[in-house]
Amino acid sequence: AGAQQGGQAGAGRAVYESYGCGACHDPGAKVRAPSLAGLYGREVRLADGRTVTADETYLRDKILNPNRQKLAADYKQVMPTFRNVIPNDDLDRLVAYLKSRSATAQQEATP
């Protein structure tokens with residue numbers, strides 16, 4: 001399962017790049033969007049004061065319905081919706097990639 005997950009994450013990086021996610025979410029991007037590195041599993045403070053966990057459901061919902069309620073605090077909603085744009089298999093790969101970036105970020109933070 002780990003190798004398959006690794007393959008999904010690798011394929012997800014290609015999806016991330018093909019949809020131009022980094023143009024807004026990578027460090028130094030012109031559009032100031034939340035960093036996605038280390039996001040999975042982390043608490044996210046929302047504009048309405050609530051806090052949610054960035055789990056798989058949250059990530060999928062933000063990709064497919066970015067304008068729905070869960071606006072991250074300190075950011076403007078400028079992300080386009082990917083509903084009916086990104087196929088389910090690409091969405092699965094992209095979420096696997098985002099999860100892997102969180103695992104990598106946690107490993108790097110651990111002394």
# chains A, B, ... in the order shown; residues from 1 in each chain; ligands from 1
call {"tool": "select_by_dssp", "arguments": {"residues": "chain A", "states": "alpha helix (DSSP H)", "output": "VMD selection string"}}
result
chain A and resid 2 to 18 22 to 25 56 to 64 88 to 109
call {"tool": "residues_around", "arguments": {"residues": "range 73-82 of chain A", "least_positions_apart": "5", "cutoff": "8 Å", "atoms": "only C-alpha atoms", "output": "list in words"}}
result
Arg32, Ala33, Pro34, Arg45, Leu46, Ala47, Asp48, Gly49, Ile63, Leu64, Asn65, Pro66 and Asn67 of chain A
call {"tool": "closest_residue", "arguments": {"among": "A:Val15, A:Val85, A:Leu71, A:Leu98", "to": "Tyr40 in chain A", "atoms": "only C-alpha atoms"}}
result
A:Leu98
call {"tool": "select_by_dssp", "arguments": {"residues": "chain A", "states": "strand (DSSP E or B)", "output": "list in words"}}
result
Glu43, Val44, Arg45, Leu46, Thr51, Val52, Thr53 and Ala72 of chain A
call {"tool": "write_last_selection", "arguments": {"atoms": "all heavy atoms", "output": "CSV table (one decimal), in the first residue's frame"}}
result
chain,number,residue,atom,x,y,z
A,43,GLU,N,-4.6,22.1,11.9
A,43,GLU,CA,-5.8,23.0,12.2
A,43,GLU,C,-5.7,24.2,11.4
A,43,GLU,O,-4.7,24.8,11.2
A,43,GLU,CB,-5.8,23.4,13.7
A,43,GLU,CG,-6.0,22.2,14.7
A,43,GLU,CD,-7.4,21.5,14.5
A,43,GLU,OE1,-8.4,22.2,14.6
A,43,GLU,OE2,-7.4,20.3,14.4
A,44,VAL,N,-6.9,24.6,10.8
A,44,VAL,CA,-7.0,25.8,10.0
A,44,VAL,C,-8.0,26.7,10.6
A,44,VAL,O,-9.1,26.3,10.9
A,44,VAL,CB,-7.5,25.4,8.5
A,44,VAL,CG1,-7.7,26.7,7.7
A,44,VAL,CG2,-6.5,24.4,7.9
A,45,ARG,N,-7.5,28.0,10.8
A,45,ARG,CA,-8.4,29.0,11.4
A,45,ARG,C,-9.2,29.6,10.2
A,45,ARG,O,-8.6,30.0,9.2
A,45,ARG,CB,-7.6,30.0,12.1
A,45,ARG,CG,-8.5,31.0,12.9
A,45,ARG,CD,-7.7,31.9,13.9
A,45,ARG,NE,-6.6,32.6,13.2
A,45,ARG,CZ,-6.7,33.8,12.6
A,45,ARG,NH1,-7.9,34.4,12.6
A,45,ARG,NH2,-5.7,34.3,12.0
A,46,LEU,N,-10.5,29.6,10.4
A,46,LEU,CA,-11.4,30.2,9.3
A,46,LEU,C,-11.7,31.6,9.6
A,46,LEU,O,-11.6,32.1,10.7
A,46,LEU,CB,-12.7,29.3,9.2
A,46,LEU,CG,-12.5,27.8,9.0
A,46,LEU,CD1,-13.8,27.2,8.9
A,46,LEU,CD2,-11.7,27.6,7.7
A,51,THR,N,-12.4,26.8,13.8
A,51,THR,CA,-11.2,26.0,13.4
A,51,THR,C,-11.6,24.7,12.9
A,51,THR,O,-12.5,24.0,13.5
A,51,THR,CB,-10.2,25.9,14.7
A,51,THR,OG1,-9.9,27.2,15.1
A,51,THR,CG2,-9.0,25.2,14.3
A,52,VAL,N,-11.0,24.2,11.8
A,52,VAL,CA,-11.3,22.9,11.3
A,52,VAL,C,-10.0,22.2,11.0
A,52,VAL,O,-8.9,22.8,10.9
A,52,VAL,CB,-12.1,23.0,10.0
A,52,VAL,CG1,-13.5,23.6,10.2
A,52,VAL,CG2,-11.4,23.7,8.9
A,53,THR,N,-10.0,20.9,10.9
A,53,THR,CA,-8.9,20.1,10.6
A,53,THR,C,-8.8,19.9,9.1
A,53,THR,O,-9.8,19.6,8.5
A,53,THR,CB,-8.9,18.7,11.3
A,53,THR,OG1,-9.0,18.9,12.7
A,53,THR,CG2,-7.7,17.9,10.9
A,72,ALA,N,-10.3,30.4,4.7
A,72,ALA,CA,-9.2,30.5,5.7
A,72,ALA,C,-9.0,32.0,6.1
A,72,ALA,O,-9.1,32.9,5.3
A,72,ALA,CB,-7.9,30.0,5.1
call {"tool": "closest_residue", "arguments": {"among": "A:Gly7, A:Arg42, A:Tyr97, A:Asp61", "to": "Cys21 in chain A", "atoms": "only C-alpha atoms"}}
result
A:Tyr97
call {"tool": "residues_around", "arguments": {"residues": "range 92-95 of chain A", "least_positions_apart": "3", "cutoff": "7 Å", "atoms": "only C-alpha atoms", "output": "MDAnalysis selection string"}}
result
chainID A and resid 8:9 11:13 15:16 56 59 88:89 98:99
call {"tool": "write_last_selection", "arguments": {"atoms": "all heavy atoms", "output": "mmCIF file, in the first residue's frame"}}
result
data_model
loop_
_atom_site.group_PDB
_atom_site.id
_atom_site.type_symbol
_atom_site.label_atom_id
_atom_site.label_comp_id
_atom_site.auth_asym_id
_atom_site.auth_seq_id
_atom_site.Cartn_x
_atom_site.Cartn_y
_atom_site.Cartn_z
ATOM 1 N N GLN A 8 0.862 7.332 -6.173
ATOM 2 C CA GLN A 8 -0.233 8.306 -6.243
ATOM 3 C C GLN A 8 0.289 9.711 -5.966
ATOM 4 O O GLN A 8 -0.064 10.660 -6.647
ATOM 5 C CB GLN A 8 -1.326 7.978 -5.202
ATOM 6 C CG GLN A 8 -2.309 6.930 -5.606
ATOM 7 C CD GLN A 8 -3.391 7.466 -6.510
ATOM 8 O OE1 GLN A 8 -3.207 7.570 -7.704
ATOM 9 N NE2 GLN A 8 -4.535 7.796 -5.943
ATOM 10 N N ALA A 9 1.138 9.835 -4.946
ATOM 11 C CA ALA A 9 1.667 11.147 -4.575
ATOM 12 C C ALA A 9 2.549 11.700 -5.689
ATOM 13 O O ALA A 9 2.482 12.888 -6.012
ATOM 14 C CB ALA A 9 2.442 11.055 -3.262
ATOM 15 N N ALA A 11 2.335 10.972 -8.883
ATOM 16 C CA ALA A 11 1.428 11.364 -9.962
ATOM 17 C C ALA A 11 0.676 12.644 -9.567
ATOM 18 O O ALA A 11 0.369 13.473 -10.415
ATOM 19 C CB ALA A 11 0.442 10.232 -10.255
ATOM 20 N N GLY A 12 0.414 12.793 -8.276
ATOM 21 C CA GLY A 12 -0.283 13.988 -7.788
ATOM 22 C C GLY A 12 0.542 15.241 -7.962
ATOM 23 O O GLY A 12 -0.005 16.328 -8.198
ATOM 24 N N ARG A 13 1.867 15.123 -7.871
ATOM 25 C CA ARG A 13 2.726 16.288 -8.109
ATOM 26 C C ARG A 13 2.546 16.786 -9.544
ATOM 27 O O ARG A 13 2.476 17.980 -9.798
ATOM 28 C CB ARG A 13 4.191 15.966 -7.838
ATOM 29 C CG ARG A 13 5.089 17.160 -8.111
ATOM 30 C CD ARG A 13 6.496 17.002 -7.592
ATOM 31 N NE ARG A 13 7.309 18.145 -7.932
ATOM 32 C CZ ARG A 13 7.292 19.311 -7.290
ATOM 33 N NH1 ARG A 13 6.492 19.477 -6.266
ATOM 34 N NH2 ARG A 13 8.072 20.306 -7.677
ATOM 35 N N VAL A 15 -0.143 16.431 -11.308
ATOM 36 C CA VAL A 15 -1.464 17.066 -11.340
ATOM 37 C C VAL A 15 -1.371 18.477 -10.763
ATOM 38 O O VAL A 15 -1.887 19.442 -11.342
ATOM 39 C CB VAL A 15 -2.508 16.222 -10.556
ATOM 40 C CG1 VAL A 15 -3.827 16.962 -10.405
ATOM 41 C CG2 VAL A 15 -2.710 14.864 -11.224
ATOM 42 N N TYR A 16 -0.680 18.621 -9.634
ATOM 43 C CA TYR A 16 -0.465 19.917 -8.982
ATOM 44 C C TYR A 16 0.142 20.908 -9.969
ATOM 45 O O TYR A 16 -0.299 22.048 -10.099
ATOM 46 C CB TYR A 16 0.451 19.701 -7.775
ATOM 47 C CG TYR A 16 0.786 20.924 -6.959
ATOM 48 C CD1 TYR A 16 -0.053 21.344 -5.933
ATOM 49 C CD2 TYR A 16 1.962 21.641 -7.195
ATOM 50 C CE1 TYR A 16 0.269 22.454 -5.154
ATOM 51 C CE2 TYR A 16 2.290 22.742 -6.417
ATOM 52 C CZ TYR A 16 1.431 23.146 -5.403
ATOM 53 O OH TYR A 16 1.748 24.242 -4.637
ATOM 54 N N GLU A 56 -8.883 14.962 4.503
ATOM 55 C CA GLU A 56 -9.157 14.694 3.096
ATOM 56 C C GLU A 56 -10.433 15.372 2.627
ATOM 57 O O GLU A 56 -10.481 15.941 1.535
ATOM 58 C CB GLU A 56 -9.263 13.179 2.861
ATOM 59 C CG GLU A 56 -8.169 12.680 1.968
ATOM 60 C CD GLU A 56 -8.276 11.214 1.655
ATOM 61 O OE1 GLU A 56 -9.033 10.869 0.724
ATOM 62 O OE2 GLU A 56 -7.575 10.426 2.321
ATOM 63 N N LEU A 59 -9.784 19.112 2.129
ATOM 64 C CA LEU A 59 -8.996 19.379 0.929
ATOM 65 C C LEU A 59 -9.839 19.229 -0.335
ATOM 66 O O LEU A 59 -9.818 20.094 -1.213
ATOM 67 C CB LEU A 59 -7.789 18.439 0.862
ATOM 68 C CG LEU A 59 -6.730 18.619 1.939
ATOM 69 C CD1 LEU A 59 -5.655 17.549 1.804
ATOM 70 C CD2 LEU A 59 -6.116 20.006 1.893
ATOM 71 N N ASN A 88 -12.057 12.889 -11.105
ATOM 72 C CA ASN A 88 -11.918 12.267 -9.779
ATOM 73 C C ASN A 88 -10.560 11.598 -9.587
ATOM 74 O O ASN A 88 -9.984 11.684 -8.505
ATOM 75 C CB ASN A 88 -13.038 11.253 -9.528
ATOM 76 C CG ASN A 88 -14.329 11.937 -9.142
ATOM 77 O OD1 ASN A 88 -14.317 13.044 -8.605
ATOM 78 N ND2 ASN A 88 -15.444 11.291 -9.422
ATOM 79 N N ASP A 89 -10.037 10.931 -10.617
ATOM 80 C CA ASP A 89 -8.748 10.257 -10.431
ATOM 81 C C ASP A 89 -7.625 11.279 -10.238
ATOM 82 O O ASP A 89 -6.721 11.070 -9.430
ATOM 83 C CB ASP A 89 -8.441 9.261 -11.560
ATOM 84 C CG ASP A 89 -8.478 9.878 -12.942
ATOM 85 O OD1 ASP A 89 -9.010 10.996 -13.107
ATOM 86 O OD2 ASP A 89 -7.982 9.229 -13.887
ATOM 87 N N LEU A 98 -0.796 16.152 -1.623
ATOM 88 C CA LEU A 98 -0.864 17.108 -0.513
ATOM 89 C C LEU A 98 -0.625 16.403 0.824
ATOM 90 O O LEU A 98 0.048 16.943 1.700
ATOM 91 C CB LEU A 98 -2.205 17.840 -0.512
ATOM 92 C CG LEU A 98 -2.452 18.719 -1.745
ATOM 93 C CD1 LEU A 98 -3.848 19.317 -1.705
ATOM 94 C CD2 LEU A 98 -1.388 19.794 -1.886
ATOM 95 N N LYS A 99 -1.165 15.199 0.970
ATOM 96 C CA LYS A 99 -0.918 14.422 2.188
ATOM 97 C C LYS A 99 0.564 14.100 2.317
ATOM 98 O O LYS A 99 1.134 14.201 3.398
ATOM 99 C CB LYS A 99 -1.756 13.132 2.166
ATOM 100 C CG LYS A 99 -3.236 13.383 2.373
ATOM 101 C CD LYS A 99 -4.072 12.157 2.121
ATOM 102 C CE LYS A 99 -3.962 11.131 3.207
ATOM 103 N NZ LYS A 99 -4.922 10.023 3.037
#
call {"tool": "closest_residue", "arguments": {"among": "A:Tyr19, A:Gly41, A:Asp55, A:Gly28", "to": "Ser102 in chain A", "atoms": "only C-alpha atoms"}}
result
A:Gly41
